[in-house]
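Trainee: Here's a structure for you.
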Protein chains: 2
Amino acid sequence: MPRARSLHPDRLAAAALAVIDRDGLPGLTMRAVATELGMSTMALYRYVADRAELELLVTDWCLRDLDTSPPGDPHWTDQIKTLALRVRDQVGPHPQAIPLLIANRQRSRILLRWSESVVTVLAAAGFTGANRVIALRGLVGYLNGALLQGQLGALAGPGTEVIAAQSDFPMMAETARAARAVSADREFAGGLDIVLRGLSRSGPGGAGPAPS
Amino acid sequence: MPRARSLHPDRLAAAALAVIDRDGLPGLTMRAVATELGMSTMALYRYVADRAELELLVTDWCLRDLDTSPPGDPHWTDQIKTLALRVRDQVGPHPQAIPLLIANRQRSRILLRWSESVVTVLAAAGFTGANRVIALRGLVGYLNGALLQGQLGALAGPGTEVIAAQSDFPMMAETARAARAVSADREFAGGLDIVLRGLSRSGPGGAGPAPS
DNA sequence: CTCGTAGGCGTACGTCGTACGCTTAAGCGT
DNA sequence: ACGCTTAAGCGTACGACGTACGCCTACGAG
């Protein structure tokens with residue numbers, strides 16, 4: 001065997017994530033990562049086939065500490081809540097990477113494990129068949145949307161401020177002003193509660209979860 | 001006055017959207033749009049300052065027929081549902097453009113008008129202050145996430161099929177197989193119902209909507 | 001010590017957005 | 001009718017991007 005690899009893939013992922021945190025997603029280029037590592041650009045290609053693979057590495061690296069074990073909360077809605085908050089906790093420090101994570105969510109082993117835990121909770125709560133599909137997708141849909149929204153167009157962001165100053169849309173302006181008093185945490189938790197309340201009562205056309 | 005403009009901005013937006021529909025978002029380049037219009041690349045810059053402005057044009061063009069007037073449904077949850085479905089109807093034919101629309105949602109006049117209608121419905125239903133903020137953001141968060149999910153990683157897409165074949169994640173695999181029987185329309189409507197059910201009952205800590 | 005293998009890198013190509021400056025067509029005042 | 005002014009339209013070029021290709025070289029097995 002010749003010459004050992006001088007780099008662990010984790011170091012590569014960490015460097016890429018550092019670039020993202022510092023310069024944003026558009027700043028993530030092969031050249032920037034190489035510079036971050038003190039290597040030449042083409043040396044990276046000994047570790048990844050292409051940019052897409054590097055992005056997948058970043059995704060898994062971001063979520064490396066995500067706890068996917070079944071939560072111990074007594075009520076199933078709290079279990080789901082715990083699982084969702086765990087994701088947010090991991091993702092929180094790296095808001096600029098969120099679009100990457102969403103794009104790679106179906107390819108990340110860790111996220112698949114996390115999803116397995118979520119479905120397991122849903123199944124135990126009584127969701128079956130199409131009902132379970134819709135519950136899972138609705139939940140993940142909200143989660144993706146909320147995480148994206150927290151990064152792009154945050155409550156305290158410039159977009160909201162512009163809206164608050166508009167006179168063409170009085171209700172939106174008033175709501176945008178009220179938004180200043182709502183923290184990102186409260187927004188996320190509040191939205192999650194809405195979804196969970198909706199989940200905890202069966203719809204008119206479907207077999208809902210078991211009554212608690 | 002010299003020489004009239006030979007192009008209406010709408011034609012520019014329509015051409016760009018046609019490129020997206022045909023070649024996907026990565027296919028949207030200034031050169032491709034220019035070719036679509038039979039002009040030179042630089043001629044486009046007589047109409048837009050840069051690529052970002054072209055993208056905003058596409059956003060508004062996509063939603064040009066969005067009906068933002070107050071829906072006539074008797075119950076406020078149905079009014080919200082109608083508003084949400086209207087967006088989906090407009091966006092449906094152009095799934096590849098969805099990430100663009102989401103990125104520009106705070107800059108699009110039409111979407112602001114739409115949001116104004118949503119907030120008006122929420123206000124009439126009794127949502128005030130921070131509660132209204134959370135309701136709006138939760139709703140929009142779900143909507144964004146669901147639309148994105150319908151484009152990237154659709155229920156019938158390859159990602160879901162791969163998961164269905166996995167033996168490491170039995171619950172996910174079973175759910176993915178059940179997903180084959182759920183249409184995109186049903187998924188969207190089902191998720192929306194979940195959110196609306198959650199909205200229609202006040203949380204423990206907040207002043208909810210008026211009882212119906 | 002030698003040699004095969006794979007790590008690391010330099011160069012180069014095609015693509016992108018777009019800055020800059022030229023040519024040219026069209027409406028106006030005369 | 002005719003030029004003049006002004007902006008439409010375009011050609012060229014630059015820097016940054018992802019990455020194909022081929023070279024040099026450090027290392028561990030024999």
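In the structure tokens, chains take letters A, B, ... by order of appearance, with residues numbered from 1 within each chain and ligands from 1 in the order shown.
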With a distance threshold of 7 Å and counting only C-alpha atoms (C1' of nucleotides), extract the residues of chain D near chain B and express them as an NGL selection string.
Mentor: :D and (6-10)
Trainee: Name the residues in contact with A:Ile134 at a cut-off of 8 Å, using only C-alpha atoms (C1' of nucleotides), excluding same-chain residues fewer than 4 positions from it; report them as a PyMOL selection string.
Mentor: (chain A and resi 130+138) or (chain B and resi 187+190-191)
Trainee: Would you mind exporting C-alpha atoms of the selected residues as a CSV table (one decimal), in the first residue's frame?
Mentor:
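Below is the file that was written, part.csv:
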chain,number,residue,atom,x,y,z
A,130,ALA,CA,-52.1,7.0,3.8
A,138,GLY,CA,-46.9,17.4,6.6
B,187,GLU,CA,-50.9,15.0,0.2
B,190,GLY,CA,-54.1,16.6,3.9
B,191,GLY,CA,-51.2,18.5,5.2
Trainee: With only C-alpha atoms (C1' of nucleotides) considered, list every residue of chain C at most 8 Å from chain B, as a list in words.
Mentor: DC16, DG17, DA25, DA26, DG27 and DC28 of chain C
Trainee: As a ChimeraX atom specification, list the residues of stretch 70-171 of chain B assigned to alpha helix (DSSP H) by DSSP on the backbone atoms of this structure.
Mentor: /B:76-91,98-103,109-124,129-151,158-164,170-171
Trainee: Selected residues, C-alpha atoms, written as a PDB file, in the first residue's frame, please.
Mentor:
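The file below, result_37.pdb, is the result:
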ATOM      1  CA  TRP B  76     -62.455  31.186   7.906  1.00  0.00           C
ATOM      2  CA  THR B  77     -60.455  27.953   7.716  1.00  0.00           C
ATOM      3  CA  ASP B  78     -61.978  27.312   4.310  1.00  0.00           C
ATOM      4  CA  GLN B  79     -61.045  30.840   3.282  1.00  0.00           C
ATOM      5  CA  ILE B  80     -57.405  30.145   4.165  1.00  0.00           C
ATOM      6  CA  LYS B  81     -57.610  26.831   2.375  1.00  0.00           C
ATOM      7  CA  THR B  82     -58.936  28.525  -0.730  1.00  0.00           C
ATOM      8  CA  LEU B  83     -56.121  31.067  -0.635  1.00  0.00           C
ATOM      9  CA  ALA B  84     -53.512  28.346  -0.234  1.00  0.00           C
ATOM     10  CA  LEU B  85     -54.957  26.237  -3.024  1.00  0.00           C
ATOM     11  CA  ARG B  86     -54.978  29.242  -5.321  1.00  0.00           C
ATOM     12  CA  VAL B  87     -51.232  29.589  -4.879  1.00  0.00           C
ATOM     13  CA  ARG B  88     -50.719  25.929  -5.512  1.00  0.00           C
ATOM     14  CA  ASP B  89     -52.835  26.089  -8.659  1.00  0.00           C
ATOM     15  CA  GLN B  90     -50.705  28.881 -10.075  1.00  0.00           C
ATOM     16  CA  VAL B  91     -47.426  27.285  -9.100  1.00  0.00           C
ATOM     17  CA  ILE B  98     -40.680  26.953  -6.929  1.00  0.00           C
ATOM     18  CA  PRO B  99     -37.324  27.636  -5.253  1.00  0.00           C
ATOM     19  CA  LEU B 100     -37.247  30.952  -7.089  1.00  0.00           C
ATOM     20  CA  LEU B 101     -40.699  31.911  -5.852  1.00  0.00           C
ATOM     21  CA  ILE B 102     -39.820  31.056  -2.285  1.00  0.00           C
ATOM     22  CA  ALA B 103     -36.615  33.050  -2.403  1.00  0.00           C
ATOM     23  CA  ARG B 109     -46.005  42.541  -4.806  1.00  0.00           C
ATOM     24  CA  ILE B 110     -48.519  39.877  -5.713  1.00  0.00           C
ATOM     25  CA  LEU B 111     -47.416  37.625  -2.886  1.00  0.00           C
ATOM     26  CA  LEU B 112     -47.590  40.570  -0.494  1.00  0.00           C
ATOM     27  CA  ARG B 113     -51.183  41.199  -1.593  1.00  0.00           C
ATOM     28  CA  TRP B 114     -51.901  37.517  -1.072  1.00  0.00           C
ATOM     29  CA  SER B 115     -50.348  37.623   2.380  1.00  0.00           C
ATOM     30  CA  GLU B 116     -52.448  40.666   3.191  1.00  0.00           C
ATOM     31  CA  SER B 117     -55.539  38.638   2.396  1.00  0.00           C
ATOM     32  CA  VAL B 118     -54.357  35.781   4.578  1.00  0.00           C
ATOM     33  CA  VAL B 119     -53.649  38.065   7.515  1.00  0.00           C
ATOM     34  CA  THR B 120     -57.000  39.753   7.059  1.00  0.00           C
ATOM     35  CA  VAL B 121     -58.738  36.405   7.334  1.00  0.00           C
ATOM     36  CA  LEU B 122     -56.682  35.529  10.405  1.00  0.00           C
ATOM     37  CA  ALA B 123     -57.478  38.863  12.016  1.00  0.00           C
ATOM     38  CA  ALA B 124     -61.185  38.443  11.329  1.00  0.00           C
ATOM     39  CA  GLY B 129     -50.587  40.138  18.249  1.00  0.00           C
ATOM     40  CA  ALA B 130     -47.918  37.480  18.497  1.00  0.00           C
ATOM     41  CA  ASN B 131     -50.534  34.818  17.980  1.00  0.00           C
ATOM     42  CA  ARG B 132     -51.303  36.180  14.548  1.00  0.00           C
ATOM     43  CA  VAL B 133     -47.631  36.370  13.711  1.00  0.00           C
ATOM     44  CA  ILE B 134     -47.121  32.737  14.620  1.00  0.00           C
ATOM     45  CA  ALA B 135     -50.222  31.635  12.754  1.00  0.00           C
ATOM     46  CA  LEU B 136     -49.139  33.417   9.578  1.00  0.00           C
ATOM     47  CA  ARG B 137     -45.573  32.231   9.706  1.00  0.00           C
ATOM     48  CA  GLY B 138     -46.621  28.686  10.495  1.00  0.00           C
ATOM     49  CA  LEU B 139     -49.002  28.665   7.592  1.00  0.00           C
ATOM     50  CA  VAL B 140     -46.509  30.135   5.151  1.00  0.00           C
ATOM     51  CA  GLY B 141     -43.811  27.842   6.492  1.00  0.00           C
ATOM     52  CA  TYR B 142     -45.910  24.801   5.792  1.00  0.00           C
ATOM     53  CA  LEU B 143     -46.912  26.110   2.391  1.00  0.00           C
ATOM     54  CA  ASN B 144     -43.301  26.720   1.367  1.00  0.00           C
ATOM     55  CA  GLY B 145     -42.171  23.376   2.674  1.00  0.00           C
ATOM     56  CA  ALA B 146     -44.979  21.481   1.035  1.00  0.00           C
ATOM     57  CA  LEU B 147     -44.466  23.156  -2.319  1.00  0.00           C
ATOM     58  CA  LEU B 148     -40.742  22.497  -2.187  1.00  0.00           C
ATOM     59  CA  GLN B 149     -41.337  18.924  -1.176  1.00  0.00           C
ATOM     60  CA  GLY B 150     -43.693  18.419  -4.075  1.00  0.00           C
ATOM     61  CA  GLN B 151     -40.930  19.459  -6.443  1.00  0.00           C
ATOM     62  CA  PRO B 158     -36.864   8.295  -7.007  1.00  0.00           C
ATOM     63  CA  GLY B 159     -35.940   9.239  -3.453  1.00  0.00           C
ATOM     64  CA  THR B 160     -39.109   7.710  -2.098  1.00  0.00           C
ATOM     65  CA  GLU B 161     -38.613   4.583  -4.162  1.00  0.00           C
ATOM     66  CA  VAL B 162     -35.122   4.113  -2.805  1.00  0.00           C
ATOM     67  CA  ILE B 163     -36.429   4.419   0.717  1.00  0.00           C
ATOM     68  CA  ALA B 164     -39.194   1.926  -0.023  1.00  0.00           C
ATOM     69  CA  PRO B 170     -38.518  -0.818   8.064  1.00  0.00           C
ATOM     70  CA  MET B 171     -41.078   1.759   9.133  1.00  0.00           C
TER      71      MET B 171
END
Trainee: Near B:Leu199, within 8 Å and counting only C-alpha atoms (C1' of nucleotides), which residues show up once chain neighbours fewer than 2 positions away are dropped, as a PyMOL selection string?
Mentor: (chain A and resi 194+197-198) or (chain B and resi 135+195-197+201-202)
Trainee: In Å to one decimal, how far is atom CA of A:Gln96 from atom CA of A:Ser108?
Mentor: 17.9 Å
Trainee: Which is closest to B:Leu7 among B:His94, B:Ile20, B:Glu174, B:Tyr47, if we use only C-alpha atoms?
Mentor: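 With only C-alpha atoms as the atom set, the closest residue is B:Tyr47.
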Trainee: Could you state the separation of atom CA of B:Ala156 and atom CA of B:Ser183 in Å, given to one decimal place?
Mentor: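 Computed distance, atom CA of B:Ala156 to atom CA of B:Ser183, equals 8.4 Å.
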Trainee: Would you kindly return, as an NGL selection string, each protein, DNA or RNA residue with an atom no farther than 12 Å from any atom of D:DT12, considering only C-alpha atoms (C1' of nucleotides) and excluding same-chain residues fewer than 4 positions away?
Mentor: (:B and (42)) or (:C and (18-22))
Trainee: Could you write out the selected residues, including C-alpha atoms (C1' of nucleotides), as a short mmCIF file (atom, residue, chain, number, x, y, z; two decimals), in the first residue's frame?
Mentor:
data_model
loop_
_atom_site.label_atom_id
_atom_site.label_comp_id
_atom_site.auth_asym_id
_atom_site.auth_seq_id
_atom_site.Cartn_x
_atom_site.Cartn_y
_atom_site.Cartn_z
CA MET B 42 -26.21 41.67 -23.33
"C1'" DT C 18 -21.62 40.96 -16.48
"C1'" DA C 19 -18.50 45.57 -17.36
"C1'" DC C 20 -17.40 48.31 -21.18
"C1'" DG C 21 -17.77 50.56 -25.44
"C1'" DC C 22 -19.24 50.48 -30.16
#
Trainee: Figure out the distance between atom CA of B:Val19 and atom CA of B:Val33, please, to one decimal in Å.
Mentor: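 Result for atom CA of B:Val33 versus atom CA of B:Val19: 6.7 Å, one decimal.
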Trainee: What lies within 10 Å of D:DG30 using only C-alpha atoms (C1' of nucleotides), ignoring chain neighbours under 2 positions off, as a PyMOL selection string?
Mentor: (chain C and resi 2-3) or (chain D and resi 28)
